[in-house]
file run-v1.txt (compact mmCIF, C-alpha atoms)
# COMPACT_ATOMS: atom_id res chain seq x y z
CA MET F 1 -121.52 60.60 22.44
CA PRO F 2 -120.58 57.03 23.36
CA SER F 3 -121.70 55.87 26.75
CA LEU F 4 -119.23 55.44 29.59
CA LYS F 5 -119.73 51.72 29.59
CA SER F 6 -118.92 51.32 25.90
CA LEU F 7 -115.80 53.45 26.34
CA ARG F 8 -114.69 51.31 29.27
CA ASN F 9 -115.20 48.20 27.15
CA ARG F 10 -113.18 49.60 24.30
CA ILE F 11 -110.32 50.60 26.57
CA SER F 12 -110.12 47.15 28.09
CA SER F 13 -110.27 45.48 24.68
CA VAL F 14 -107.46 47.67 23.31
CA LYS F 15 -105.48 46.92 26.46
CA SER F 16 -105.74 43.19 25.91
CA THR F 17 -104.76 43.61 22.27
CA GLN F 18 -101.73 45.55 23.44
CA LYS F 19 -100.84 42.73 25.81
CA ILE F 20 -100.88 40.31 22.90
CA THR F 21 -98.79 42.48 20.61
CA LYS F 22 -96.31 43.14 23.41
CA ALA F 23 -95.96 39.44 24.07
CA MET F 24 -95.53 38.74 20.36
CA LYS F 25 -92.84 41.38 20.18
CA MET F 26 -90.99 39.78 23.06
CA VAL F 27 -91.26 36.33 21.53
CA ALA F 28 -90.10 37.64 18.16
CA ALA F 29 -87.12 39.32 19.80
CA ALA F 30 -86.08 36.07 21.46
CA LYS F 31 -86.52 34.11 18.25
CA LEU F 32 -84.65 36.76 16.31
CA ARG F 33 -81.66 36.31 18.58
CA ARG F 34 -81.75 32.56 18.00
CA ALA F 35 -82.16 32.95 14.24
CA GLN F 36 -79.30 35.42 14.12
CA SER F 37 -76.94 33.17 16.00
CA GLN F 38 -77.95 30.27 13.76
CA ALA F 39 -77.20 32.39 10.71
CA GLU F 40 -73.85 33.40 12.17
CA ALA F 41 -72.98 29.80 12.95
CA ALA F 42 -73.61 28.84 9.34
CA GLN F 43 -71.33 31.56 8.07
CA PRO F 44 -67.92 29.79 8.25
CA TYR F 45 -69.05 26.87 6.10
CA ALA F 46 -70.56 29.15 3.48
CA THR F 47 -67.46 31.34 3.37
CA ARG F 48 -65.07 28.41 2.95
CA MET F 49 -67.35 26.78 0.43
CA ALA F 50 -67.50 29.98 -1.61
CA ALA F 51 -63.70 30.26 -1.59
CA MET F 52 -63.35 26.65 -2.71
CA MET F 53 -65.96 27.12 -5.42
CA ALA F 54 -64.19 30.21 -6.69
CA ALA F 55 -60.87 28.38 -6.87
CA LEU F 56 -62.40 25.49 -8.82
CA ALA F 57 -64.98 27.27 -10.93
CA GLN F 58 -62.56 29.70 -12.54
CA GLY F 59 -60.65 26.91 -14.20
CA ALA F 60 -63.66 24.77 -15.00
CA ALA F 61 -65.88 27.48 -16.51
CA SER F 62 -63.76 27.62 -19.66
CA ASN F 63 -63.87 23.85 -20.01
CA PRO F 64 -66.43 22.79 -22.65
CA ASN F 65 -67.34 19.74 -20.55
CA ALA F 66 -67.94 21.76 -17.42
CA PRO F 67 -70.92 20.56 -15.37
CA LYS F 68 -74.21 22.10 -16.47
CA LEU F 69 -74.97 23.20 -12.92
CA LEU F 70 -71.92 25.47 -13.17
CA VAL F 71 -72.21 26.95 -16.64
CA GLY F 72 -75.88 26.40 -17.42
CA THR F 73 -77.48 24.73 -20.40
CA GLY F 74 -76.32 27.47 -22.74
CA ALA F 75 -79.90 28.68 -23.14
CA ASP F 76 -81.68 31.45 -21.28
CA LYS F 77 -85.22 30.62 -22.21
CA ARG F 78 -86.88 28.95 -19.26
CA HIS F 79 -86.52 30.40 -15.79
CA LEU F 80 -87.26 29.05 -12.36
CA ILE F 81 -87.70 31.47 -9.51
CA VAL F 82 -87.41 30.13 -6.00
CA ALA F 83 -89.12 32.57 -3.66
CA VAL F 84 -88.51 32.29 0.07
CA THR F 85 -91.19 33.70 2.35
CA ALA F 86 -92.31 32.97 5.89
CA ASP F 87 -95.06 30.58 6.95
CA ARG F 88 -96.77 33.10 9.16
CA GLY F 89 -97.90 36.67 8.89
CA LEU F 90 -98.18 39.62 11.30
CA ALA F 91 -94.77 40.77 10.22
CA GLY F 92 -95.46 44.02 8.44
CA PRO F 93 -94.62 44.11 4.75
CA PHE F 94 -92.21 41.15 4.99
CA ASN F 95 -94.11 38.58 2.94
CA ALA F 96 -95.93 41.03 0.72
CA ALA F 97 -92.71 42.77 -0.32
CA LEU F 98 -91.17 39.50 -1.44
CA SER F 99 -94.24 38.23 -3.28
CA ARG F 100 -94.60 41.56 -5.02
CA ALA F 101 -90.93 41.58 -6.09
CA ALA F 102 -91.16 37.98 -7.29
CA LYS F 103 -94.31 38.67 -9.29
CA ALA F 104 -92.73 41.77 -10.83
CA ARG F 105 -89.75 39.65 -11.79
CA VAL F 106 -91.98 37.01 -13.33
CA ARG F 107 -93.84 39.61 -15.39
CA ALA F 108 -90.59 41.25 -16.54
CA LEU F 109 -89.25 37.90 -17.69
CA GLN F 110 -92.51 37.02 -19.39
CA ALA F 111 -92.43 40.38 -21.17
CA GLU F 112 -89.05 39.36 -22.57
CA GLY F 113 -90.72 36.28 -24.00
CA LYS F 114 -89.34 33.79 -21.48
CA THR F 115 -91.21 31.04 -19.76
CA VAL F 116 -91.17 31.23 -16.01
CA GLN F 117 -91.91 28.76 -13.25
CA LEU F 118 -92.21 29.43 -9.56
CA PHE F 119 -91.14 27.39 -6.58
CA ALA F 120 -92.48 28.70 -3.30
CA VAL F 121 -90.73 28.15 -0.01
CA GLY F 122 -93.01 29.21 2.82
CA ARG F 123 -96.77 29.19 3.09
CA LYS F 124 -97.41 32.91 2.67
CA GLY F 125 -95.64 33.09 -0.66
CA ARG F 126 -97.37 29.97 -1.89
CA ASP F 127 -100.80 31.40 -1.03
CA SER F 128 -100.01 34.66 -2.75
CA PHE F 129 -98.69 33.02 -5.93
CA ARG F 130 -101.60 30.61 -6.05
CA ARG F 131 -104.01 33.51 -6.27
CA ASP F 132 -102.31 35.18 -9.24
CA MET F 133 -100.05 32.67 -10.90
CA ALA F 134 -101.35 29.24 -10.04
CA ASP F 135 -100.42 27.90 -13.49
CA LEU F 136 -96.74 28.76 -12.99
CA MET F 137 -96.28 26.90 -9.73
CA MET F 138 -93.76 24.10 -9.98
CA GLY F 139 -93.94 23.14 -6.35
CA ASP F 140 -93.76 24.39 -2.81
CA VAL F 141 -92.48 23.54 0.63
CA ASN F 142 -93.24 24.96 4.01
CA PHE F 143 -92.04 24.49 7.55
CA VAL F 144 -95.31 24.97 9.38
CA GLY F 145 -95.08 23.75 12.95
CA ARG F 146 -91.29 23.59 12.94
CA LYS F 147 -89.15 25.52 15.35
CA THR F 148 -86.04 26.04 13.26
CA VAL F 149 -84.91 25.26 9.76
CA GLU F 150 -82.23 22.64 9.45
CA PHE F 151 -79.67 22.00 6.78
CA LYS F 152 -81.58 18.85 5.83
CA ASP F 153 -84.51 21.03 4.74
CA ALA F 154 -82.31 23.09 2.46
CA GLU F 155 -80.80 19.91 1.06
CA ALA F 156 -84.25 18.52 0.28
CA ILE F 157 -85.16 21.70 -1.61
CA ALA F 158 -81.83 21.63 -3.47
CA ASP F 159 -82.41 17.99 -4.45
CA ARG F 160 -85.80 18.83 -5.89
CA ILE F 161 -84.41 21.75 -7.87
CA ILE F 162 -81.47 19.72 -9.20
CA ALA F 163 -83.75 16.84 -10.16
CA ALA F 164 -85.99 19.22 -12.11
CA PHE F 165 -82.93 20.81 -13.72
CA ASN F 166 -81.47 17.45 -14.78
CA ASP F 167 -84.90 16.63 -16.11
CA GLY F 168 -84.54 19.66 -18.39
CA GLN F 169 -87.43 21.64 -16.94
CA PHE F 170 -85.59 24.99 -16.87
CA ASP F 171 -82.32 26.69 -17.87
CA VAL F 172 -81.80 29.35 -15.25
CA CYS F 173 -82.67 29.31 -11.58
CA THR F 174 -82.79 32.37 -9.36
CA LEU F 175 -83.32 32.48 -5.62
CA MET F 176 -85.26 35.39 -4.14
CA PHE F 177 -85.35 35.99 -0.41
CA ASN F 178 -85.53 38.74 2.18
CA LYS F 179 -82.02 39.67 3.13
CA PHE F 180 -81.47 40.63 6.73
CA VAL F 181 -79.75 44.02 6.60
CA SER F 182 -80.61 45.19 10.09
CA VAL F 183 -83.45 44.77 12.53
CA MET F 184 -85.28 47.63 10.85
CA VAL F 185 -84.37 46.88 7.24
CA GLN F 186 -84.90 43.75 5.17
CA THR F 187 -84.41 44.03 1.45
CA VAL F 188 -85.39 41.63 -1.28
CA ALA F 189 -82.25 39.97 -2.64
CA GLU F 190 -81.65 37.76 -5.65
CA THR F 191 -78.98 35.09 -6.00
CA PRO F 192 -78.36 33.10 -9.16
CA LEU F 193 -78.40 29.39 -8.29
CA ILE F 194 -78.01 27.86 -11.72
CA PRO F 195 -75.74 28.53 -13.54
CA ALA F 196 -73.52 28.87 -10.49
CA ALA F 197 -70.78 30.59 -12.48
CA GLY F 198 -73.12 33.49 -13.23
CA GLY F 199 -73.61 32.93 -16.93
CA PRO F 200 -71.84 31.08 -19.73
CA ALA F 201 -68.07 31.31 -19.80
CA ASN F 202 -66.61 34.26 -21.60
CA ASP F 203 -64.51 33.04 -24.50
CA ASN F 204 -62.39 36.16 -24.54
CA GLN F 205 -60.84 35.38 -21.21
CA ARG F 206 -57.27 34.23 -21.48
CA PRO F 207 -56.70 30.68 -20.28
CA GLU F 208 -53.86 31.83 -17.99
CA SER F 209 -56.16 34.05 -15.98
CA ASP F 210 -58.80 31.32 -15.93
CA ALA F 211 -56.51 28.77 -14.44
CA SER F 212 -54.89 31.03 -11.89
CA GLY F 213 -57.38 30.14 -9.14
CA SER F 214 -57.17 26.39 -9.29
CA ALA F 215 -53.53 26.30 -10.37
CA ASP F 216 -52.51 27.00 -6.79
CA TYR F 217 -54.26 23.92 -5.58
CA GLU F 218 -53.79 20.28 -6.24
CA ILE F 219 -57.19 18.74 -6.80
CA GLU F 220 -58.24 15.30 -5.73
CA PRO F 221 -59.79 13.17 -7.27
CA ASP F 222 -60.01 15.63 -10.23
CA ASP F 223 -61.70 18.92 -11.13
CA GLY F 224 -64.71 17.34 -12.76
CA SER F 225 -65.80 14.84 -10.15
CA LEU F 226 -64.99 17.22 -7.32
CA LEU F 227 -67.21 19.85 -8.92
CA ASP F 228 -69.94 17.26 -9.44
CA ARG F 229 -70.00 16.79 -5.69
CA LEU F 230 -69.37 20.38 -4.75
CA LEU F 231 -72.05 22.03 -6.90
CA PRO F 232 -75.14 20.37 -5.39
CA ARG F 233 -73.66 21.02 -1.97
CA ASN F 234 -73.07 24.64 -2.83
CA LEU F 235 -76.65 24.96 -4.03
CA ALA F 236 -77.93 23.55 -0.77
CA ILE F 237 -75.73 25.93 1.18
CA GLN F 238 -77.01 28.92 -0.76
CA ILE F 239 -80.56 27.86 -0.02
CA TYR F 240 -79.76 27.19 3.62
CA ARG F 241 -78.29 30.66 3.95
CA ALA F 242 -81.32 32.21 2.30
CA LEU F 243 -83.63 30.29 4.66
CA LEU F 244 -81.69 31.50 7.69
CA GLU F 245 -81.51 35.09 6.49
CA SER F 246 -85.17 35.01 5.72
CA SER F 247 -86.06 33.59 9.11
CA ALA F 248 -83.94 36.22 10.90
CA GLY F 249 -85.53 38.87 8.70
CA PHE F 250 -88.99 37.55 9.46
CA TYR F 251 -88.56 37.80 13.22
CA ALA F 252 -86.96 41.23 12.91
CA SER F 253 -89.84 42.39 10.77
CA GLN F 254 -92.36 40.87 13.14
CA MET F 255 -90.67 42.50 16.08
CA THR F 256 -90.78 45.91 14.38
CA ALA F 257 -94.39 45.42 13.34
CA MET F 258 -95.45 44.35 16.82
CA ASP F 259 -93.53 47.22 18.39
CA GLY F 260 -95.45 49.60 16.17
CA ALA F 261 -98.72 47.88 16.98
CA SER F 262 -98.06 48.11 20.73
CA ARG F 263 -97.27 51.79 20.42
CA ASN F 264 -100.41 52.44 18.39
CA ALA F 265 -102.44 50.58 20.97
CA GLY F 266 -100.88 52.78 23.66
CA ASP F 267 -101.84 55.93 21.75
CA MET F 268 -105.35 54.63 21.32
CA ILE F 269 -105.68 53.85 25.02
CA ASN F 270 -104.56 57.39 25.85
CA ARG F 271 -107.10 58.88 23.47
CA LEU F 272 -109.90 56.70 24.74
CA THR F 273 -109.02 57.38 28.37
CA MET F 274 -109.06 61.11 27.71
CA ASN F 275 -112.44 60.75 26.02
CA TYR F 276 -113.71 58.63 28.90
CA ASN F 277 -112.66 61.18 31.52
CA ARG F 278 -114.17 64.07 29.58
CA THR F 279 -117.44 62.22 29.20
CA ARG F 280 -117.43 61.32 32.87
CA GLN F 281 -116.85 64.95 33.89
CA ALA F 282 -119.49 66.19 31.49
CA ASN F 283 -121.93 63.75 33.07
CA ILE F 284 -121.09 64.95 36.55
CA THR F 285 -121.43 68.59 35.52
CA ARG F 286 -124.76 67.87 33.88
CA GLU F 287 -126.06 66.10 36.96
CA LEU F 288 -124.93 68.98 39.18
CA ILE F 289 -126.70 71.49 36.95
CA GLU F 290 -129.84 69.37 37.10
CA ILE F 291 -129.71 69.17 40.89
CA ILE F 292 -128.98 72.89 41.33
CA SER F 293 -131.68 74.00 38.93
CA GLY F 294 -134.07 71.55 40.58
CA ALA F 295 -133.28 73.06 44.00
CA GLU F 296 -133.69 76.62 42.71
CA ALA F 297 -137.09 75.80 41.25
CA LEU F 298 -138.40 74.87 44.71
CA MET R 299 -44.85 23.82 14.20
CA THR R 300 -48.57 23.30 14.23
CA LEU R 301 -51.42 23.23 11.82
CA ALA R 302 -54.66 25.17 12.22
CA LEU R 303 -57.44 22.64 11.95
CA GLU R 304 -61.03 23.72 11.37
CA ILE R 305 -63.90 21.29 11.23
CA ILE R 306 -67.07 22.90 9.97
CA SER R 307 -70.51 21.47 9.44
CA PRO R 308 -73.15 23.42 7.51
CA GLU R 309 -74.79 24.29 10.80
CA ARG R 310 -71.77 25.46 12.77
CA LEU R 311 -68.05 25.68 13.33
CA LEU R 312 -67.43 22.50 15.24
CA LEU R 313 -63.79 22.71 16.12
CA ALA R 314 -60.93 25.13 15.56
CA ARG R 315 -57.59 24.39 17.15
CA GLN R 316 -53.90 23.93 16.57
CA VAL R 317 -52.86 20.33 16.02
CA SER R 318 -49.64 18.63 15.04
CA MET R 319 -51.23 16.25 12.54
CA VAL R 320 -54.62 15.24 11.26
CA VAL R 321 -55.60 12.20 9.21
CA ILE R 322 -58.59 12.72 6.92
CA PRO R 323 -60.41 10.17 4.75
CA GLY R 324 -59.98 11.45 1.19
CA THR R 325 -61.93 9.79 -1.62
CA GLU R 326 -58.66 8.45 -2.99
CA GLY R 327 -57.44 7.22 0.37
CA ASP R 328 -56.55 8.50 3.81
CA LEU R 329 -54.40 11.61 3.96
CA GLY R 330 -52.11 12.52 6.81
CA ILE R 331 -51.83 16.28 6.91
CA LEU R 332 -48.79 17.82 8.54
CA PRO R 333 -47.85 21.49 8.62
CA ASP R 334 -46.44 22.77 5.33
CA HIS R 335 -48.57 20.41 3.26
CA ALA R 336 -48.95 21.35 -0.41
CA LYS R 337 -52.13 23.26 -1.21
CA LEU R 338 -54.85 20.74 -1.91
CA ILE R 339 -58.59 20.51 -2.33
CA THR R 340 -60.09 17.06 -1.97
CA SER R 341 -63.45 15.47 -1.46
CA LEU R 342 -63.91 13.15 1.50
CA ARG R 343 -65.49 9.75 1.77
CA GLY R 344 -67.23 8.48 4.88
CA GLY R 345 -64.61 7.69 7.49
CA MET R 346 -62.71 8.77 10.55
CA ILE R 347 -60.88 12.02 11.16
CA ASP R 348 -58.03 11.43 13.61
CA ILE R 349 -56.54 14.39 15.35
CA TYR R 350 -52.96 13.98 16.57
CA GLU R 351 -50.96 15.92 19.04
CA ASP R 352 -47.41 14.77 19.75
CA ASP R 353 -47.91 11.43 17.98
CA GLU R 354 -51.00 10.58 19.95
CA ILE R 355 -54.59 10.60 18.87
CA ILE R 356 -56.38 13.12 21.04
CA ASP R 357 -59.72 13.14 19.27
CA ARG R 358 -61.62 11.22 16.62
CA PHE R 359 -64.67 12.12 14.62
CA PHE R 360 -66.77 10.22 12.17
CA VAL R 361 -67.47 12.19 9.00
CA SER R 362 -70.05 11.07 6.44
CA GLY R 363 -68.37 12.85 3.54
CA GLY R 364 -67.57 16.37 2.48
CA PHE R 365 -64.58 18.37 1.35
CA ALA R 366 -61.25 19.52 2.68
CA GLU R 367 -59.16 22.51 1.77
CA ILE R 368 -55.53 22.28 2.78
CA THR R 369 -52.93 25.02 2.69
CA GLU R 370 -49.45 25.21 4.21
CA THR R 371 -50.74 26.43 7.54
CA ARG R 372 -54.36 25.38 7.64
CA CYS R 373 -56.64 22.41 7.11
CA THR R 374 -60.35 23.11 6.71
CA VAL R 375 -62.76 20.21 6.73
CA LEU R 376 -66.23 20.94 5.36
CA ALA R 377 -68.14 17.96 6.66
CA ASP R 378 -71.56 16.84 5.48
CA GLN R 379 -72.38 15.25 8.77
CA ILE R 380 -70.03 14.85 11.64
CA MET R 381 -70.25 13.08 14.98
CA LYS R 382 -68.32 11.39 17.70
CA PRO R 383 -68.19 7.61 17.34
CA SER R 384 -70.05 7.37 20.64
CA GLU R 385 -72.96 9.31 19.16
CA ILE R 386 -73.59 6.72 16.46
CA ASN R 387 -76.60 4.55 17.06
CA ARG R 388 -75.79 0.97 16.09
CA GLU R 389 -79.30 0.04 15.01
CA THR R 390 -79.80 3.09 12.78
CA ALA R 391 -76.34 2.53 11.34
CA MET R 392 -77.21 -1.08 10.52
CA GLU R 393 -80.46 -0.01 8.88
CA GLN R 394 -78.63 2.62 6.84
CA LEU R 395 -76.08 0.02 5.74
CA ALA R 396 -78.81 -2.40 4.68
CA ALA R 397 -80.60 0.36 2.74
CA ALA R 398 -77.35 1.46 1.10
CA GLU R 399 -76.55 -2.12 0.07
CA THR R 400 -79.96 -2.55 -1.54
CA ALA R 401 -79.65 0.78 -3.32
CA TYR R 402 -76.18 -0.15 -4.56
CA ARG R 403 -77.34 -3.50 -5.89
CA GLU R 404 -80.29 -1.97 -7.71
CA VAL R 405 -78.57 1.06 -9.20
CA ASP R 406 -78.16 1.30 -12.96
CA GLU R 407 -74.40 1.24 -13.54
CA ALA R 408 -74.75 3.14 -16.80
CA ASP R 409 -75.97 6.18 -14.88
CA THR R 410 -72.62 7.34 -13.51
CA THR R 411 -73.97 10.00 -11.16
CA ALA R 412 -76.50 7.68 -9.58
CA TRP R 413 -73.92 4.92 -9.35
CA ARG R 414 -71.42 7.21 -7.68
CA ASN R 415 -74.02 8.43 -5.20
CA ALA R 416 -74.98 4.86 -4.35
CA SER R 417 -71.38 3.78 -3.91
CA ASP R 418 -70.61 6.85 -1.77
CA ARG R 419 -73.58 5.97 0.35
CA LEU R 420 -72.43 2.39 0.79
CA ILE R 421 -68.89 3.44 1.72
CA THR R 422 -70.26 5.92 4.25
CA ALA R 423 -72.64 3.39 5.76
CA GLN R 424 -69.86 0.81 6.07
CA ALA R 425 -67.52 3.40 7.59
CA ARG R 426 -70.20 4.30 10.11
CA ILE R 427 -70.33 0.70 11.29
CA ASP R 428 -66.53 0.54 11.39
CA ALA R 429 -66.46 3.71 13.43
CA LEU R 430 -68.42 1.98 16.17
CA ALA R 431 -65.35 -0.14 16.84
CA HIS R 432 -63.43 3.01 17.81
CA GLU R 433 -65.95 4.00 20.40

call {"tool": "encode", "arguments": {"input": "run-v1.txt", "output": "structure tokens"}}
result
Amino acid sequence: MPSLKSLRNRISSVKSTQKITKAMKMVAAAKLRRAQSQAEAAQPYATRMAAMMAALAQGAASNPNAPKLLVGTGADKRHLIVAVTADRGLAGPFNAALSRAAKARVRALQAEGKTVQLFAVGRKGRDSFRRDMADLMMGDVNFVGRKTVEFKDAEAIADRIIAAFNDGQFDVCTLMFNKFVSVMVQTVAETPLIPAAGGPANDNQRPESDASGSADYEIEPDDGSLLDRLLPRNLAIQIYRALLESSAGFYASQMTAMDGASRNAGDMINRLTMNYNRTRQANITRELIEIISGAEAL
Amino acid sequence: MTLALEIISPERLLLARQVSMVVIPGTEGDLGILPDHAKLITSLRGGMIDIYEDDEIIDRFFVSGGFAEITETRCTVLADQIMKPSEINRETAMEQLAAAETAYREVDEADTTAWRNASDRLITAQARIDALAHE
């Protein structure tokens, strides 16, 4: 039977843990709101950009001189996986789920005989990949000590990826991130980054249907050079969106995890308090019995 | 008859309002967009966006480049970076211009992509300085 003092100590230590988890939950909730509104604010640009891309890409995909960023190199041999995780933990399965999915993807691709490289965004993912797949790492970035992600950050990542692509280091690039479905649910999502058109153009498509999207629009200066500008931009936007979704997902996951932790701490305090009171009463009863039997013996 | 103008930066929707005309800096030259304009997609160079209402400029923005999608009823500007002329810092702008000039002089003209990027950068940097005059 633990002594009363040790029980008291445990109760107070669990209470202070609960204070911390409660505070973290509150902070995560506030940051989640900010991350969500940031993600919402970025939505109009992404939507318009996607519409513009669709209008242009349809016509250009059938063009043999289409930019490589749009239609790919024609090969499907070397893959790059960009995995977006958070920089910090204490967020339930958030980081682990993504690393696990990314690793499974790497192994599946390797089983098909493809070479795979990894680019880690976020410290937790980097650490996890370094343990298992250090030889596959192409690079990493993290935003430790930063309050919010900015578009500049996404642009910097996009520049690095495009530079590596132009350098011929890989054929296909896929982005993996935690998609924010709701506060309770974040699922691992994949977006193809390169080729942006989602695979080589299908030769069976009739040219009329190909051109229908861009035919409505006049294009200035011309399809090719506009796409050359639009594609890197689109890549950066995709990454920016993934970063924002991931950051909203992270805070949601952290909030849920900390809510659970606070509740568990509460349960534990109740159990310990019950135990403490029982022990205290047992002590009192025992002392009474001792006194009474002592008095009777006289 | 008005035109729905939207100016959007990657970070947020900056402005959405009805205007009677807007002048945007296309890569091939400035475009005045009135309602019922033909459908058009264009890239933008660094320059000024002038918003008109009843033949008067009511607002001006400096845009560092981007894209615009124009339909009969709507003009959407997807700006790389956008700011009021008064928000431009003269010293930083000068530094950026100097850096862009050096980059432009040193770029290999055979590399078309790099050359285009450098020339875009120079045009934008110059336009940023010019924008200061509109403050």

call {"tool": "interface_residues", "arguments": {"input": "run-v1.txt", "of": "chain R", "to": "chain F", "cutoff": "10 Å", "atoms": "all atoms listed in the file", "output": "PDB file with C-alpha atoms, in the coordinates of the input"}}
result
ATOM      1  CA  GLU R 304     -61.030  23.720  11.370  1.00  0.00           C
ATOM      2  CA  ILE R 305     -63.900  21.290  11.230  1.00  0.00           C
ATOM      3  CA  ILE R 306     -67.070  22.900   9.970  1.00  0.00           C
ATOM      4  CA  SER R 307     -70.510  21.470   9.440  1.00  0.00           C
ATOM      5  CA  PRO R 308     -73.150  23.420   7.510  1.00  0.00           C
ATOM      6  CA  GLU R 309     -74.790  24.290  10.800  1.00  0.00           C
ATOM      7  CA  ARG R 310     -71.770  25.460  12.770  1.00  0.00           C
ATOM      8  CA  LEU R 311     -68.050  25.680  13.330  1.00  0.00           C
ATOM      9  CA  LEU R 312     -67.430  22.500  15.240  1.00  0.00           C
ATOM     10  CA  GLY R 324     -59.980  11.450   1.190  1.00  0.00           C
ATOM     11  CA  THR R 325     -61.930   9.790  -1.620  1.00  0.00           C
ATOM     12  CA  GLU R 326     -58.660   8.450  -2.990  1.00  0.00           C
ATOM     13  CA  GLY R 327     -57.440   7.220   0.370  1.00  0.00           C
ATOM     14  CA  ALA R 336     -48.950  21.350  -0.410  1.00  0.00           C
ATOM     15  CA  LYS R 337     -52.130  23.260  -1.210  1.00  0.00           C
ATOM     16  CA  LEU R 338     -54.850  20.740  -1.910  1.00  0.00           C
ATOM     17  CA  ILE R 339     -58.590  20.510  -2.330  1.00  0.00           C
ATOM     18  CA  THR R 340     -60.090  17.060  -1.970  1.00  0.00           C
ATOM     19  CA  SER R 341     -63.450  15.470  -1.460  1.00  0.00           C
ATOM     20  CA  LEU R 342     -63.910  13.150   1.500  1.00  0.00           C
ATOM     21  CA  GLY R 364     -67.570  16.370   2.480  1.00  0.00           C
ATOM     22  CA  PHE R 365     -64.580  18.370   1.350  1.00  0.00           C
ATOM     23  CA  ALA R 366     -61.250  19.520   2.680  1.00  0.00           C
ATOM     24  CA  GLU R 367     -59.160  22.510   1.770  1.00  0.00           C
ATOM     25  CA  ILE R 368     -55.530  22.280   2.780  1.00  0.00           C
ATOM     26  CA  THR R 369     -52.930  25.020   2.690  1.00  0.00           C
ATOM     27  CA  THR R 374     -60.350  23.110   6.710  1.00  0.00           C
ATOM     28  CA  VAL R 375     -62.760  20.210   6.730  1.00  0.00           C
ATOM     29  CA  LEU R 376     -66.230  20.940   5.360  1.00  0.00           C
ATOM     30  CA  ALA R 377     -68.140  17.960   6.660  1.00  0.00           C
ATOM     31  CA  ASP R 378     -71.560  16.840   5.480  1.00  0.00           C
ATOM     32  CA  THR R 411     -73.970  10.000 -11.160  1.00  0.00           C
ATOM     33  CA  ARG R 414     -71.420   7.210  -7.680  1.00  0.00           C
ATOM     34  CA  ASN R 415     -74.020   8.430  -5.200  1.00  0.00           C
TER      35      ASN R 415
END

call {"tool": "residues_around", "arguments": {"input": "run-v1.txt", "residues": "segment 244-255 of chain F", "least_positions_apart": "2", "cutoff": "9 Å", "atoms": "all atoms listed in the file", "output": "short mmCIF file (atom, residue, chain, number, x, y, z; two decimals) with C-alpha atoms, keeping the file's coordinate frame"}}
result
data_model
loop_
_atom_site.label_atom_id
_atom_site.label_comp_id
_atom_site.auth_asym_id
_atom_site.auth_seq_id
_atom_site.Cartn_x
_atom_site.Cartn_y
_atom_site.Cartn_z
CA MET F 24 -95.53 38.74 20.36
CA LYS F 25 -92.84 41.38 20.18
CA MET F 26 -90.99 39.78 23.06
CA VAL F 27 -91.26 36.33 21.53
CA ALA F 28 -90.10 37.64 18.16
CA ALA F 29 -87.12 39.32 19.80
CA ALA F 30 -86.08 36.07 21.46
CA LYS F 31 -86.52 34.11 18.25
CA LEU F 32 -84.65 36.76 16.31
CA ARG F 33 -81.66 36.31 18.58
CA ARG F 34 -81.75 32.56 18.00
CA ALA F 35 -82.16 32.95 14.24
CA GLN F 36 -79.30 35.42 14.12
CA GLN F 38 -77.95 30.27 13.76
CA ALA F 39 -77.20 32.39 10.71
CA ALA F 42 -73.61 28.84 9.34
CA VAL F 84 -88.51 32.29 0.07
CA THR F 85 -91.19 33.70 2.35
CA ALA F 86 -92.31 32.97 5.89
CA ARG F 88 -96.77 33.10 9.16
CA GLY F 89 -97.90 36.67 8.89
CA LEU F 90 -98.18 39.62 11.30
CA ALA F 91 -94.77 40.77 10.22
CA GLY F 92 -95.46 44.02 8.44
CA PRO F 93 -94.62 44.11 4.75
CA PHE F 94 -92.21 41.15 4.99
CA ASN F 95 -94.11 38.58 2.94
CA THR F 148 -86.04 26.04 13.26
CA VAL F 149 -84.91 25.26 9.76
CA PHE F 177 -85.35 35.99 -0.41
CA ASN F 178 -85.53 38.74 2.18
CA LYS F 179 -82.02 39.67 3.13
CA PHE F 180 -81.47 40.63 6.73
CA VAL F 181 -79.75 44.02 6.60
CA SER F 182 -80.61 45.19 10.09
CA VAL F 183 -83.45 44.77 12.53
CA MET F 184 -85.28 47.63 10.85
CA VAL F 185 -84.37 46.88 7.24
CA GLN F 186 -84.90 43.75 5.17
CA THR F 187 -84.41 44.03 1.45
CA ILE F 239 -80.56 27.86 -0.02
CA TYR F 240 -79.76 27.19 3.62
CA ARG F 241 -78.29 30.66 3.95
CA ALA F 242 -81.32 32.21 2.30
CA ALA F 257 -94.39 45.42 13.34
CA MET F 258 -95.45 44.35 16.82
CA ASP F 259 -93.53 47.22 18.39
CA GLY F 260 -95.45 49.60 16.17
#

call {"tool": "residues_around", "arguments": {"input": "run-v1.txt", "residues": "segment 117-126 of chain F", "least_positions_apart": "5", "cutoff": "8 Å", "atoms": "only C-alpha atoms", "output": "PyMOL selection string"}}
result
chain F and resi 78-89+95+98-99+136-144

call {"tool": "atom_distance", "arguments": {"input": "run-v1.txt", "atom1": "atom CA of Phe360 of chain R", "atom2": "atom CA of Val317 of chain R"}}
result
17.6 Å

call {"tool": "residues_near_point", "arguments": {"input": "run-v1.txt", "point": "(-81.1, 31.7, -9.4)", "cutoff": "8 Å", "atoms": "all atoms listed in the file", "output": "list of chain:residue names"}}
result
F:Leu80, F:Ile81, F:Val82, F:Val172, F:Cys173, F:Thr174, F:Leu175, F:Met176, F:Glu190, F:Thr191, F:Pro192, F:Leu193, F:Ile194, F:Pro195

call {"tool": "axis_aligned_box", "arguments": {"input": "run-v1.txt", "around": "segment 422-427 of chain R", "padding_each_side": "3 Å", "output": "JSON"}}
result
{"center_x": -70.1, "center_y": 3.3, "center_z": 7.8, "size_x": 11.1, "size_y": 11.2, "size_z": 13.0}
